[in-house]
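Scroll down for the structure; my scribbles are underneath it.
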Amino acid sequence: MTAAPDPSAPRADRIGDAALDLLVERGMRGLTHRAVDERAGLPQGSTSNHARTRQALLETAVRRQVELESRVLTPHEMPGPDSGGDALVNALALALHRYLTDHRPLLVSRYELALEATRRPELRSFFDRAGAVFHGPLTAMMAAAGSTAPERHALSLIAWSEGLMFSCAAGSFHSSVPDLAELRTGIDELLRGMLGDRAGTARA
């Protein structure tokens, strides 16, 4: 994000990237079809042709947000069911650390979209469906780790991770990002509280 537009990229990606950049820099009020055209380096009217309404433009932004987040969270790096608690702790800590050190703007754009979704029921539905792609795999991993309530425990882990990311990206801890070892310790403590000995023996 914020890099110069890549003229070889698909137009939908250029529009989505420009929309997310504008959300980070100007907030929801700064997201207009004209501003996206200018930021993406596209002829005036290009964004309107791709996403004619504001709802369509917001959905384009959410879709691109999910695509970029899937690269940060790297599902292919998540451990298999038989990998044990240590592998799960290490993988989650690595994903959070990568987010907080290299992709903070992506967090800000997510918060802007999430808040707008609270005001637009039609966007809320779209936003929730897009975000659900991350919930299923995490619930499955919690079940494989020995959770007796994988959906509830997945929610707890997501809430802890979201709270930590918000605090470090936009809250009172924005100037002090935990290092990888501290993140491992925090996740290990959380999983042990939920899973007991089934969480493995991860240590920072």
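We label chains A, B, ... in the order they appear in the structure tokens, count residues from 1 in each chain, and number ligands from 1 in the order shown.
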| request: Might you pull out every residue within 8 Å of range 126-131 of chain A, with only C-alpha atoms counted and same-chain residues fewer than 4 positions away left off, and present them as a VMD selection string? | output: chain A and resid 59 62 to 63 66 114 117 122 135
Find the residues of range 115-194 of chain A that sit at most 9 Å from range 92-104 of chain A; for each, write down the nearest two atoms and how far apart they are in Å, to one decimal. Count only C-alpha atoms. Sort by chain, then by number going up, and give it as a Markdown table.
```
| residue | atom | partner | partner_atom | distance |
| --- | --- | --- | --- | --- |
| A:Ser161 | CA | A:Leu96 | CA | 7.6 |
| A:Met165 | CA | A:Leu100 | CA | 6.9 |
| A:Cys168 | CA | A:Leu100 | CA | 7.2 |
| A:Ala169 | CA | A:Arg104 | CA | 6.0 |
| A:Val177 | CA | A:Leu100 | CA | 6.9 |
| A:Pro178 | CA | A:His97 | CA | 7.7 |
| A:Asp179 | CA | A:His97 | CA | 7.0 |
| A:Leu180 | CA | A:His97 | CA | 6.1 |
| A:Ala181 | CA | A:Ala93 | CA | 8.1 |
| A:Glu182 | CA | A:Ala93 | CA | 8.7 |
| A:Leu183 | CA | A:Ala93 | CA | 5.3 |
| A:Arg184 | CA | A:Ala93 | CA | 5.3 |
| A:Thr185 | CA | A:Ala93 | CA | 8.8 |
| A:Gly186 | CA | A:Ala93 | CA | 8.7 |
| A:Ile187 | CA | A:Ala93 | CA | 7.1 |
```
| query | Could you name the residues that touch Leu138 in chain A at 12 Å or less, counting only C-alpha atoms, but leaving out those on the same chain fewer than 2 positions away, as JSON, numbers by chain? | reply | {"A": [73, 75, 78, 79, 80, 81, 88, 91, 92, 132, 133, 134, 135, 136, 140, 141, 142, 143, 144, 145, 147, 150, 151, 152, 153, 154, 155, 156, 157, 158]}
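For the atom pair formed by CA of Asp21 in chain A and CA of Thr47 in chain A, the distance is 14.6 Å, given to one decimal.
From CA of His50 in chain A back to CA of Asp13 in chain A, the distance works out to 11.0 Å.
Across A:Gln65, A:Ser175, A:Thr118, A:Asn90, the tightest approach to Pro105 in chain A is made by A:Gln65 when counting only C-alpha atoms.
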